[in-house]
>>> print(open('entry_11.tsv').read())   # TSV, C-alpha atoms
chain	number	residue	atom	x	y	z
A	13	MET	CA	0.00	0.00	0.00
A	14	ALA	CA	2.43	2.59	1.14
A	15	VAL	CA	4.80	1.29	-1.50
A	16	GLU	CA	2.26	2.07	-4.23
A	17	ALA	CA	1.34	5.45	-2.79
A	18	PRO	CA	4.71	7.09	-2.11
A	19	GLU	CA	3.06	10.41	-1.32
A	20	ARG	CA	1.78	8.83	1.87
A	21	SER	CA	5.00	7.34	3.14
A	22	GLY	CA	7.88	9.04	4.80
A	23	PRO	CA	10.18	8.83	7.73
A	24	ALA	CA	8.32	9.08	11.00
A	25	SER	CA	9.23	10.53	14.37
A	26	GLY	CA	11.39	13.29	12.86
A	27	GLY	CA	14.53	11.81	14.27
A	28	ARG	CA	13.81	13.10	17.74
A	29	SER	CA	14.63	9.80	19.33
A	30	PRO	CA	17.45	8.00	17.51
A	31	GLY	CA	16.72	4.36	16.95
A	32	ILE	CA	12.95	4.76	17.19
A	33	ARG	CA	11.32	4.91	13.78
A	34	GLY	CA	7.70	4.83	14.86
A	35	ARG	CA	5.00	4.50	12.22
A	36	GLU	CA	4.92	5.94	8.72
A	37	ARG	CA	3.56	9.43	8.27
A	38	PRO	CA	3.01	11.64	5.20
A	39	ILE	CA	5.95	13.97	4.59
A	40	GLY	CA	3.92	17.07	3.80
A	41	GLY	CA	1.23	18.80	1.79
A	42	PHE	CA	-2.42	17.79	1.73
A	43	GLU	CA	-1.78	14.26	2.97
A	44	LEU	CA	-0.05	15.53	6.10
A	45	TRP	CA	-3.04	17.80	6.86
A	46	SER	CA	-5.35	14.85	6.22
A	47	TRP	CA	-3.24	12.73	8.59
A	48	LEU	CA	-3.42	15.42	11.27
A	49	PHE	CA	-7.14	16.04	10.73
A	50	MET	CA	-7.97	12.33	11.15
A	51	ARG	CA	-6.24	12.30	14.54
A	52	ILE	CA	-7.60	15.58	15.88
A	53	SER	CA	-11.17	14.96	14.65
A	54	GLY	CA	-10.82	11.42	15.98
A	55	LEU	CA	-10.06	12.81	19.41
A	56	VAL	CA	-13.13	15.08	19.30
A	57	LEU	CA	-15.27	12.25	17.91
A	58	LEU	CA	-14.10	10.10	20.81
A	59	VAL	CA	-16.28	12.36	22.97
A	60	LEU	CA	-19.02	13.27	20.45
A	61	ALA	CA	-19.57	9.88	18.78
A	62	VAL	CA	-18.96	7.60	21.76
A	63	GLY	CA	-21.08	9.91	23.94
A	64	HIS	CA	-23.85	9.93	21.32
A	65	VAL	CA	-23.80	6.15	20.99
A	66	LEU	CA	-23.88	5.60	24.77
A	67	ILE	CA	-26.69	8.11	25.33
A	68	MET	CA	-28.87	7.13	22.37
A	69	HIS	CA	-28.23	3.39	22.09
A	70	VAL	CA	-27.09	2.00	25.44
A	71	LEU	CA	-28.17	3.95	28.53
A	72	ASP	CA	-31.69	4.58	29.82
A	73	ASP	CA	-33.59	2.14	27.53
A	74	GLY	CA	-31.52	3.20	24.52
A	75	VAL	CA	-33.28	3.51	21.21
A	76	ASP	CA	-36.61	2.27	22.66
A	77	ARG	CA	-37.33	5.73	24.04
A	78	VAL	CA	-36.39	7.56	20.85
A	79	ASP	CA	-39.38	8.96	19.00
A	80	PHE	CA	-40.50	12.35	17.69
A	81	GLY	CA	-41.23	13.67	21.20
A	82	PHE	CA	-37.78	12.61	22.40
A	83	VAL	CA	-36.00	14.41	19.58
A	84	ALA	CA	-38.25	17.48	19.94
A	85	ALA	CA	-37.46	17.71	23.67
A	86	ARG	CA	-33.75	17.11	23.08
A	87	TRP	CA	-33.47	19.73	20.38
A	88	GLN	CA	-35.05	22.38	22.58
A	89	SER	CA	-31.54	22.66	23.95
A	90	PRO	CA	-29.00	24.52	21.79
A	91	PHE	CA	-26.35	22.37	23.46
A	92	TRP	CA	-27.65	19.15	21.88
A	93	ARG	CA	-28.32	20.81	18.52
A	94	THR	CA	-24.70	22.00	18.50
A	95	TRP	CA	-23.45	18.56	19.64
A	96	ASP	CA	-25.43	16.79	16.91
A	97	TRP	CA	-24.36	19.24	14.22
A	98	ALA	CA	-20.66	19.04	15.21
A	99	LEU	CA	-20.96	15.25	15.22
A	100	LEU	CA	-22.60	15.34	11.78
A	101	VAL	CA	-19.87	17.51	10.26
A	102	LEU	CA	-16.85	15.82	11.85
A	103	ALA	CA	-18.13	12.28	11.30
A	104	LEU	CA	-18.91	12.98	7.63
A	105	ILE	CA	-15.49	14.53	6.90
A	106	HIS	CA	-13.61	11.92	8.97
A	107	GLY	CA	-15.56	9.06	7.38
A	108	ILE	CA	-15.39	10.26	3.79
A	109	ASN	CA	-11.69	11.06	4.11
A	110	GLY	CA	-11.27	7.54	5.48
A	111	LEU	CA	-13.08	6.14	2.44
A	112	ARG	CA	-10.79	8.23	0.21
A	113	ILE	CA	-7.73	6.67	1.87
A	114	ILE	CA	-9.15	3.17	1.41
A	115	VAL	CA	-9.99	3.90	-2.25
A	116	GLN	CA	-6.38	5.08	-2.67
A	117	ASP	CA	-5.24	1.65	-1.52
A	118	TYR	CA	-7.53	-0.52	-3.62
A	119	VAL	CA	-8.42	1.47	-6.76
A	120	ARG	CA	-5.42	1.99	-9.01
A	121	TRP	CA	-6.87	3.60	-12.12
A	122	PRO	CA	-6.90	7.38	-11.49
A	123	GLY	CA	-10.15	7.98	-13.41
A	124	VAL	CA	-12.10	5.38	-11.46
A	125	ARG	CA	-10.49	6.54	-8.23
A	126	PHE	CA	-11.56	10.12	-8.93
A	127	ALA	CA	-15.09	9.04	-9.86
A	128	ILE	CA	-15.52	7.02	-6.63
A	129	ASP	CA	-14.04	9.82	-4.51
A	130	MET	CA	-16.36	12.35	-6.15
A	131	ALA	CA	-19.39	10.10	-5.59
A	132	PHE	CA	-18.61	9.88	-1.86
A	133	PHE	CA	-17.89	13.60	-1.74
A	134	VAL	CA	-21.24	14.44	-3.36
A	135	ILE	CA	-23.10	12.07	-1.01
A	136	GLY	CA	-21.28	13.61	1.95
A	137	PHE	CA	-21.97	17.16	0.87
A	138	GLY	CA	-25.64	16.38	0.24
A	139	LEU	CA	-25.97	14.79	3.69
A	140	PHE	CA	-24.16	17.74	5.26
A	141	VAL	CA	-26.69	20.15	3.71
A	142	LEU	CA	-29.68	17.96	4.62
A	143	GLY	CA	-28.50	17.43	8.21
A	144	THR	CA	-27.58	21.07	8.73
A	145	VAL	CA	-30.94	22.31	7.45
A	146	VAL	CA	-32.85	19.86	9.68
A	147	VAL	CA	-30.79	20.50	12.83
A	148	PHE	CA	-31.12	24.28	12.57
A	149	THR	CA	-34.64	24.69	11.13
A	150	PHE	CA	-36.47	22.00	13.13
A	151	ASP	CA	-39.35	23.60	14.99
A	152	ALA	CA	-41.46	21.29	17.14
A	153	SER	CA	-44.15	23.97	17.58
A	154	GLN	CA	-45.25	23.16	14.03
A	155	TRP	CA	-46.78	20.02	15.50
A	156	PRO	CA	-48.55	21.09	18.69
A	157	GLY	CA	-49.22	18.28	21.09
A	158	ALA	CA	-46.46	16.05	19.71
A	159	LEU	CA	-44.01	17.02	22.44
B	28	MET	CA	-1.94	-25.62	-13.51
B	29	ALA	CA	-1.10	-27.28	-10.27
B	30	LYS	CA	-1.34	-25.12	-7.22
B	31	ARG	CA	1.89	-24.58	-5.45
B	32	LYS	CA	1.88	-25.29	-1.79
B	33	SER	CA	2.50	-21.64	-0.97
B	34	ASP	CA	-0.70	-20.62	-2.80
B	35	VAL	CA	-3.00	-22.31	-0.35
B	36	GLY	CA	-3.21	-22.55	3.37
B	37	THR	CA	-0.75	-19.80	4.06
B	38	LEU	CA	-1.59	-16.65	5.93
B	39	TYR	CA	-0.07	-13.30	5.14
B	40	LYS	CA	1.86	-12.05	8.12
B	41	GLY	CA	2.32	-8.33	7.79
B	42	SER	CA	3.10	-7.09	11.24
B	43	PRO	CA	1.61	-7.53	14.71
B	44	GLY	CA	-0.78	-4.67	13.85
B	45	GLN	CA	-2.30	-6.24	10.72
B	46	TRP	CA	-5.48	-7.45	12.40
B	47	SER	CA	-6.21	-4.20	14.19
B	48	TRP	CA	-5.44	-2.38	10.92
B	49	LEU	CA	-8.02	-4.54	9.13
B	50	LEU	CA	-10.60	-4.21	11.91
B	51	HIS	CA	-10.07	-0.44	11.97
B	52	ARG	CA	-10.93	-0.31	8.25
B	53	ILE	CA	-13.92	-2.64	8.49
B	54	THR	CA	-15.42	-0.86	11.51
B	55	GLY	CA	-14.75	2.54	9.93
B	56	VAL	CA	-16.49	1.61	6.67
B	57	ALA	CA	-19.40	0.07	8.58
B	58	VAL	CA	-19.89	3.23	10.66
B	59	ILE	CA	-19.73	5.67	7.72
B	60	LEU	CA	-22.14	3.55	5.65
B	61	PHE	CA	-24.56	3.50	8.59
B	62	LEU	CA	-24.10	7.26	8.99
B	63	PHE	CA	-25.26	7.80	5.38
B	64	ALA	CA	-28.56	6.10	6.24
B	65	HIS	CA	-28.76	7.62	9.72
B	66	VAL	CA	-28.57	11.25	8.52
B	67	VAL	CA	-31.50	10.55	6.19
B	68	ASP	CA	-33.63	8.77	8.81
B	69	THR	CA	-33.00	11.54	11.34
B	70	ALA	CA	-33.83	14.21	8.74
B	71	VAL	CA	-37.34	12.73	8.54
B	72	VAL	CA	-37.98	14.38	11.94
B	73	GLY	CA	-38.49	17.57	9.90
B	74	TRP	CA	-41.56	15.98	8.33
B	75	GLY	CA	-43.40	15.58	11.62
B	76	PRO	CA	-44.26	12.93	14.22
B	77	GLU	CA	-46.18	10.55	12.00
B	78	ALA	CA	-43.38	10.19	9.43
B	79	TYR	CA	-40.55	10.12	11.99
B	80	ASN	CA	-42.17	7.64	14.36
B	81	ARG	CA	-42.82	5.29	11.45
B	82	VAL	CA	-39.12	5.49	10.50
B	83	VAL	CA	-37.68	4.99	14.01
B	84	SER	CA	-40.00	2.04	14.65
B	85	VAL	CA	-37.57	0.14	12.40
B	86	TYR	CA	-34.94	0.57	15.13
B	87	HIS	CA	-37.26	-1.03	17.69
B	88	ASN	CA	-37.19	-4.37	15.85
B	89	TRP	CA	-35.00	-6.92	17.66
B	90	VAL	CA	-33.12	-8.04	14.54
B	91	VAL	CA	-32.22	-4.42	13.81
B	92	LYS	CA	-31.20	-4.11	17.47
B	93	LEU	CA	-28.68	-6.91	16.93
B	94	LEU	CA	-27.19	-4.82	14.13
B	95	GLU	CA	-27.32	-1.84	16.49
B	96	LEU	CA	-25.21	-3.79	19.01
B	97	GLY	CA	-22.76	-4.41	16.17
B	98	LEU	CA	-22.74	-0.69	15.40
B	99	VAL	CA	-21.95	0.21	19.01
B	100	ALA	CA	-19.16	-2.40	19.00
B	101	ALA	CA	-17.79	-0.93	15.74
B	102	VAL	CA	-17.80	2.62	17.12
B	103	LEU	CA	-16.13	1.53	20.37
B	104	TYR	CA	-13.50	-0.57	18.60
B	105	HIS	CA	-12.71	2.22	16.12
B	106	ALA	CA	-12.50	4.77	18.96
B	107	ILE	CA	-10.28	2.69	21.26
B	108	ASN	CA	-8.02	1.49	18.44
B	109	GLY	CA	-7.87	5.09	17.20
B	110	VAL	CA	-6.51	6.19	20.57
B	111	LYS	CA	-3.89	3.45	20.29
B	112	ILE	CA	-2.88	4.75	16.85
B	113	MET	CA	-2.56	8.28	18.25
B	114	VAL	CA	-0.39	7.08	21.13
B	115	PHE	CA	1.99	5.43	18.63
B	116	ASP	CA	1.97	8.39	16.24
B	117	PHE	CA	2.36	11.22	18.73
B	118	TRP	CA	4.79	9.38	21.01
B	119	PRO	CA	6.84	7.19	18.60
B	120	GLY	CA	8.89	5.81	21.48
B	121	THR	CA	5.82	3.86	22.60
B	122	THR	CA	6.11	1.67	19.47
B	123	ARG	CA	8.78	-0.23	21.38
B	124	HIS	CA	5.91	-1.50	23.53
B	125	MET	CA	3.59	-2.07	20.55
B	126	LYS	CA	2.45	-5.53	21.59
B	127	GLY	CA	1.66	-4.56	25.16
B	128	ILE	CA	-0.22	-1.41	24.15
B	129	ALA	CA	-2.14	-3.31	21.45
B	130	LEU	CA	-3.08	-5.96	24.00
B	131	THR	CA	-4.15	-3.27	26.48
B	132	SER	CA	-6.42	-1.56	23.92
B	133	THR	CA	-7.97	-4.90	23.00
B	134	VAL	CA	-8.61	-5.67	26.67
B	135	ILE	CA	-10.21	-2.21	27.15
B	136	PHE	CA	-12.48	-2.87	24.16
B	137	VAL	CA	-13.52	-6.31	25.39
B	138	LEU	CA	-14.13	-5.02	28.93
B	139	SER	CA	-16.22	-2.12	27.64
B	140	MET	CA	-18.32	-4.51	25.53
B	141	ILE	CA	-19.30	-6.59	28.59
B	142	PRO	CA	-21.69	-4.03	30.16
B	143	VAL	CA	-22.80	-2.80	26.71
B	144	THR	CA	-23.75	-6.32	25.63
B	145	TRP	CA	-25.40	-6.97	29.00
B	146	ILE	CA	-27.55	-3.82	28.77
B	147	MET	CA	-28.41	-3.96	25.07
B	148	GLY	CA	-28.72	-7.76	25.10
B	149	GLN	CA	-31.56	-7.63	27.63
B	150	GLY	CA	-33.56	-5.31	25.36
B	151	ILE	CA	-32.91	-7.56	22.38
B	152	LEU	CA	-33.96	-10.71	24.24
B	153	GLU	CA	-37.09	-9.01	25.60
B	154	ASP	CA	-38.13	-7.88	22.13
B	155	ALA	CA	-37.36	-11.30	20.67
B	156	GLY	CA	-39.72	-12.81	23.26
B	157	VAL	CA	-37.00	-14.81	25.02
B	158	LEU	CA	-37.07	-12.85	28.29
>>> encode(input="entry_11.tsv", output="structure tokens")
Amino acid sequence: MAVEAPERSGPASGGRSPGIRGRERPIGGFELWSWLFMRISGLVLLVLAVGHVLIMHVLDDGVDRVDFGFVAARWQSPFWRTWDWALLVLALIHGINGLRIIVQDYVRWPGVRFAIDMAFFVIGFGLFVLGTVVVFTFDASQWPGAL
Amino acid sequence: MAKRKSDVGTLYKGSPGQWSWLLHRITGVAVILFLFAHVVDTAVVGWGPEAYNRVVSVYHNWVVKLLELGLVAAVLYHAINGVKIMVFDFWPGTTRHMKGIALTSTVIFVLSMIPVTWIMGQGILEDAGVL
């Protein structure tokens, strides 16, 4: 993999500790930013995604209690709207960048690679727009009595 | 053409991290594919209670809840293994203890799955009519 994608390989650890090579890391440019983004967003998602999964799927009856009223009550709080939107954005970018890296490993022909990457990008952008509109325009008072 | 012995029954041995590397990919792909569907099903909340409640009732089916347990496991594995990757990448000296750290992260994942499976498993068994 790394052998076929030289732009992704490079000496790791910057020679700070002689004798310790560590793992491979991109040497610079877009791939280094991608590398850094995956780790920093991963750290944030550790809180946002794991917290979301525990709250919505494990604790307190999990998904059994999730219905329209539950979401309406939850989204009365700007805190949860912000949480859900941040989770949406970071998970989409992290996930689609991850798919791009996997495509880089398994799809060799540049045209096909570009087409697959673009398809995921378009899906991701569409879902970003859809999710953003819903999170910020949802108004439970449109359905009185549903809360 | 006769198969050479090395073509069958051998297992590629990349490095001690090859299985966690593979699992990280599989769980990552599983989670992003679910996210594609999940953004759409959550967006239905904008179409009111009748539409949304019909959609989320799918998640209350016990077979879907089994998949949900798999999703939680995938998220937890990806998260815990991701922390392991960051430890190695930000503190390269720790790669000297790669096996021990990999074992520790696996143990943390397995331990975290015990209460998760216990809690979610009860709901699944109740819905399946076993409990």
>>> residues_around(input="entry_11.tsv", residues="A:Val65", least_positions_apart="2", cutoff="10 Å", atoms="all atoms listed in the file", output="PDB file with C-alpha atoms, in the coordinates of the input")
ATOM      1  CA  VAL A  59     -16.280  12.360  22.970  1.00  0.00           C
ATOM      2  CA  LEU A  60     -19.020  13.270  20.450  1.00  0.00           C
ATOM      3  CA  ALA A  61     -19.570   9.880  18.780  1.00  0.00           C
ATOM      4  CA  VAL A  62     -18.960   7.600  21.760  1.00  0.00           C
ATOM      5  CA  GLY A  63     -21.080   9.910  23.940  1.00  0.00           C
ATOM      6  CA  ILE A  67     -26.690   8.110  25.330  1.00  0.00           C
ATOM      7  CA  MET A  68     -28.870   7.130  22.370  1.00  0.00           C
ATOM      8  CA  HIS A  69     -28.230   3.390  22.090  1.00  0.00           C
ATOM      9  CA  VAL A  70     -27.090   2.000  25.440  1.00  0.00           C
ATOM     10  CA  LEU A  71     -28.170   3.950  28.530  1.00  0.00           C
ATOM     11  CA  GLY A  74     -31.520   3.200  24.520  1.00  0.00           C
ATOM     12  CA  VAL A  75     -33.280   3.510  21.210  1.00  0.00           C
TER      13      VAL A  75
ATOM     14  CA  GLU B  95     -27.320  -1.840  16.490  1.00  0.00           C
ATOM     15  CA  LEU B  98     -22.740  -0.690  15.400  1.00  0.00           C
ATOM     16  CA  VAL B  99     -21.950   0.210  19.010  1.00  0.00           C
ATOM     17  CA  ALA B 100     -19.160  -2.400  19.000  1.00  0.00           C
ATOM     18  CA  VAL B 102     -17.800   2.620  17.120  1.00  0.00           C
ATOM     19  CA  LEU B 103     -16.130   1.530  20.370  1.00  0.00           C
TER      20      LEU B 103
END
>>> interface_residues(input="entry_11.tsv", of="chain B", to="chain A", cutoff="7 Å", atoms="only C-alpha atoms", output="list of chain:residue names")
B:Ile59, B:Val66, B:Ala70, B:Val72, B:Gly73, B:Gly75, B:Pro76, B:Tyr79, B:Asn80, B:Val83, B:Tyr86, B:His87, B:Val99, B:Val102, B:Leu103, B:Ala106, B:Met113, B:Phe115, B:Asp116, B:Pro119, B:Gly120, B:Thr122, B:Val143, B:Ile146, B:Met147
>>> residues_around(input="entry_11.tsv", residues="stretch 40-54 of chain B", least_positions_apart="6", cutoff="8 Å", atoms="only C-alpha atoms", output="PyMOL selection string")
(chain A and resi 114) or (chain B and resi 101-102+104-105+108-109+126+129)
>>> atom_distance(input="entry_11.tsv", atom1="atom CA of A:Leu48", atom2="atom CA of B:Ile128")
21.4 Å
>>> closest_residue(input="entry_11.tsv", among="B:Met140, B:Val90, B:Ser132, B:Trp118", to="B:Ala155", atoms="all atoms listed in the file")
B:Val90
>>> closest_residue(input="entry_11.tsv", among="A:Phe42, A:Phe91, A:Trp47, A:Phe133", to="B:Ile112", atoms="all atoms listed in the file")
A:Trp47
>>> atom_distance(input="entry_11.tsv", atom1="atom CA of B:Thr69", atom2="atom CA of A:Pro90")
17.1 Å
>>> closest_residue(input="entry_11.tsv", among="B:Val71, B:Val56, B:Val157, B:Met125", to="A:Asn109", atoms="all atoms listed in the file")
B:Val56
>>> atom_distance(input="entry_11.tsv", atom1="atom CA of B:Asp68", atom2="atom CA of A:Trp87")
15.9 Å
>>> axis_aligned_box(input="entry_11.tsv", around="stretch 149-154 of chain B", padding_each_side="8 Å", output="JSON")
{"center_x": -34.8, "center_y": -8.0, "center_z": 24.9, "size_x": 22.6, "size_y": 21.4, "size_z": 21.5}
>>> build_atoms(input="entry_11.tsv", residues="stretch 129-152 of chain B", atoms="N, CA and C atoms", output="PDB file, in the coordinates of the input")
ATOM      1  N   ALA B 129      -1.080  -2.720  22.268  1.00  0.00           N
ATOM      2  CA  ALA B 129      -2.140  -3.310  21.450  1.00  0.00           C
ATOM      3  C   ALA B 129      -2.996  -4.247  22.298  1.00  0.00           C
ATOM      4  N   LEU B 130      -2.335  -5.040  23.137  1.00  0.00           N
ATOM      5  CA  LEU B 130      -3.080  -5.960  24.000  1.00  0.00           C
ATOM      6  C   LEU B 130      -3.952  -5.173  24.978  1.00  0.00           C
ATOM      7  N   THR B 131      -3.385  -4.093  25.547  1.00  0.00           N
ATOM      8  CA  THR B 131      -4.150  -3.270  26.480  1.00  0.00           C
ATOM      9  C   THR B 131      -5.398  -2.688  25.818  1.00  0.00           C
ATOM     10  N   SER B 132      -5.258  -2.165  24.577  1.00  0.00           N
ATOM     11  CA  SER B 132      -6.420  -1.560  23.920  1.00  0.00           C
ATOM     12  C   SER B 132      -7.476  -2.622  23.610  1.00  0.00           C
ATOM     13  N   THR B 133      -7.020  -3.824  23.248  1.00  0.00           N
ATOM     14  CA  THR B 133      -7.970  -4.900  23.000  1.00  0.00           C
ATOM     15  C   THR B 133      -8.724  -5.268  24.271  1.00  0.00           C
ATOM     16  N   VAL B 134      -7.979  -5.331  25.390  1.00  0.00           N
ATOM     17  CA  VAL B 134      -8.610  -5.670  26.670  1.00  0.00           C
ATOM     18  C   VAL B 134      -9.631  -4.585  27.051  1.00  0.00           C
ATOM     19  N   ILE B 135      -9.268  -3.301  26.838  1.00  0.00           N
ATOM     20  CA  ILE B 135     -10.210  -2.210  27.150  1.00  0.00           C
ATOM     21  C   ILE B 135     -11.477  -2.348  26.312  1.00  0.00           C
ATOM     22  N   PHE B 136     -11.309  -2.690  25.024  1.00  0.00           N
ATOM     23  CA  PHE B 136     -12.480  -2.870  24.160  1.00  0.00           C
ATOM     24  C   PHE B 136     -13.364  -4.009  24.664  1.00  0.00           C
ATOM     25  N   VAL B 137     -12.744  -5.147  24.954  1.00  0.00           N
ATOM     26  CA  VAL B 137     -13.520  -6.310  25.390  1.00  0.00           C
ATOM     27  C   VAL B 137     -14.238  -5.999  26.706  1.00  0.00           C
ATOM     28  N   LEU B 138     -13.513  -5.359  27.646  1.00  0.00           N
ATOM     29  CA  LEU B 138     -14.130  -5.020  28.930  1.00  0.00           C
ATOM     30  C   LEU B 138     -15.296  -4.048  28.749  1.00  0.00           C
ATOM     31  N   SER B 139     -15.137  -3.081  27.835  1.00  0.00           N
ATOM     32  CA  SER B 139     -16.220  -2.120  27.640  1.00  0.00           C
ATOM     33  C   SER B 139     -17.437  -2.779  26.983  1.00  0.00           C
ATOM     34  N   MET B 140     -17.197  -3.827  26.194  1.00  0.00           N
ATOM     35  CA  MET B 140     -18.320  -4.510  25.530  1.00  0.00           C
ATOM     36  C   MET B 140     -19.128  -5.368  26.495  1.00  0.00           C
ATOM     37  N   ILE B 141     -18.553  -5.720  27.657  1.00  0.00           N
ATOM     38  CA  ILE B 141     -19.300  -6.590  28.590  1.00  0.00           C
ATOM     39  C   ILE B 141     -20.558  -5.887  29.106  1.00  0.00           C
ATOM     40  N   PRO B 142     -20.446  -4.679  29.721  1.00  0.00           N
ATOM     41  CA  PRO B 142     -21.690  -4.030  30.160  1.00  0.00           C
ATOM     42  C   PRO B 142     -22.593  -3.619  29.002  1.00  0.00           C
ATOM     43  N   VAL B 143     -21.994  -3.214  27.868  1.00  0.00           N
ATOM     44  CA  VAL B 143     -22.800  -2.800  26.710  1.00  0.00           C
ATOM     45  C   VAL B 143     -23.652  -3.977  26.216  1.00  0.00           C
ATOM     46  N   THR B 144     -23.023  -5.145  26.093  1.00  0.00           N
ATOM     47  CA  THR B 144     -23.750  -6.320  25.630  1.00  0.00           C
ATOM     48  C   THR B 144     -24.807  -6.742  26.650  1.00  0.00           C
ATOM     49  N   TRP B 145     -24.460  -6.620  27.928  1.00  0.00           N
ATOM     50  CA  TRP B 145     -25.400  -6.970  29.000  1.00  0.00           C
ATOM     51  C   TRP B 145     -26.645  -6.083  28.914  1.00  0.00           C
ATOM     52  N   ILE B 146     -26.425  -4.766  28.785  1.00  0.00           N
ATOM     53  CA  ILE B 146     -27.550  -3.820  28.770  1.00  0.00           C
ATOM     54  C   ILE B 146     -28.370  -3.960  27.487  1.00  0.00           C
ATOM     55  N   MET B 147     -27.685  -3.907  26.338  1.00  0.00           N
ATOM     56  CA  MET B 147     -28.410  -3.960  25.070  1.00  0.00           C
ATOM     57  C   MET B 147     -28.993  -5.354  24.830  1.00  0.00           C
ATOM     58  N   GLY B 148     -28.273  -6.377  25.291  1.00  0.00           N
ATOM     59  CA  GLY B 148     -28.720  -7.760  25.100  1.00  0.00           C
ATOM     60  C   GLY B 148     -30.061  -8.029  25.760  1.00  0.00           C
ATOM     61  N   GLN B 149     -30.273  -7.425  26.940  1.00  0.00           N
ATOM     62  CA  GLN B 149     -31.560  -7.630  27.630  1.00  0.00           C
ATOM     63  C   GLN B 149     -32.718  -7.088  26.794  1.00  0.00           C
ATOM     64  N   GLY B 150     -32.531  -5.894  26.228  1.00  0.00           N
ATOM     65  CA  GLY B 150     -33.560  -5.310  25.360  1.00  0.00           C
ATOM     66  C   GLY B 150     -33.845  -6.169  24.150  1.00  0.00           C
ATOM     67  N   ILE B 151     -32.753  -6.710  23.575  1.00  0.00           N
ATOM     68  CA  ILE B 151     -32.910  -7.560  22.380  1.00  0.00           C
ATOM     69  C   ILE B 151     -33.691  -8.814  22.724  1.00  0.00           C
ATOM     70  N   LEU B 152     -33.294  -9.458  23.856  1.00  0.00           N
ATOM     71  CA  LEU B 152     -33.960 -10.710  24.240  1.00  0.00           C
ATOM     72  C   LEU B 152     -35.417 -10.477  24.612  1.00  0.00           C
TER      73      LEU B 152
END
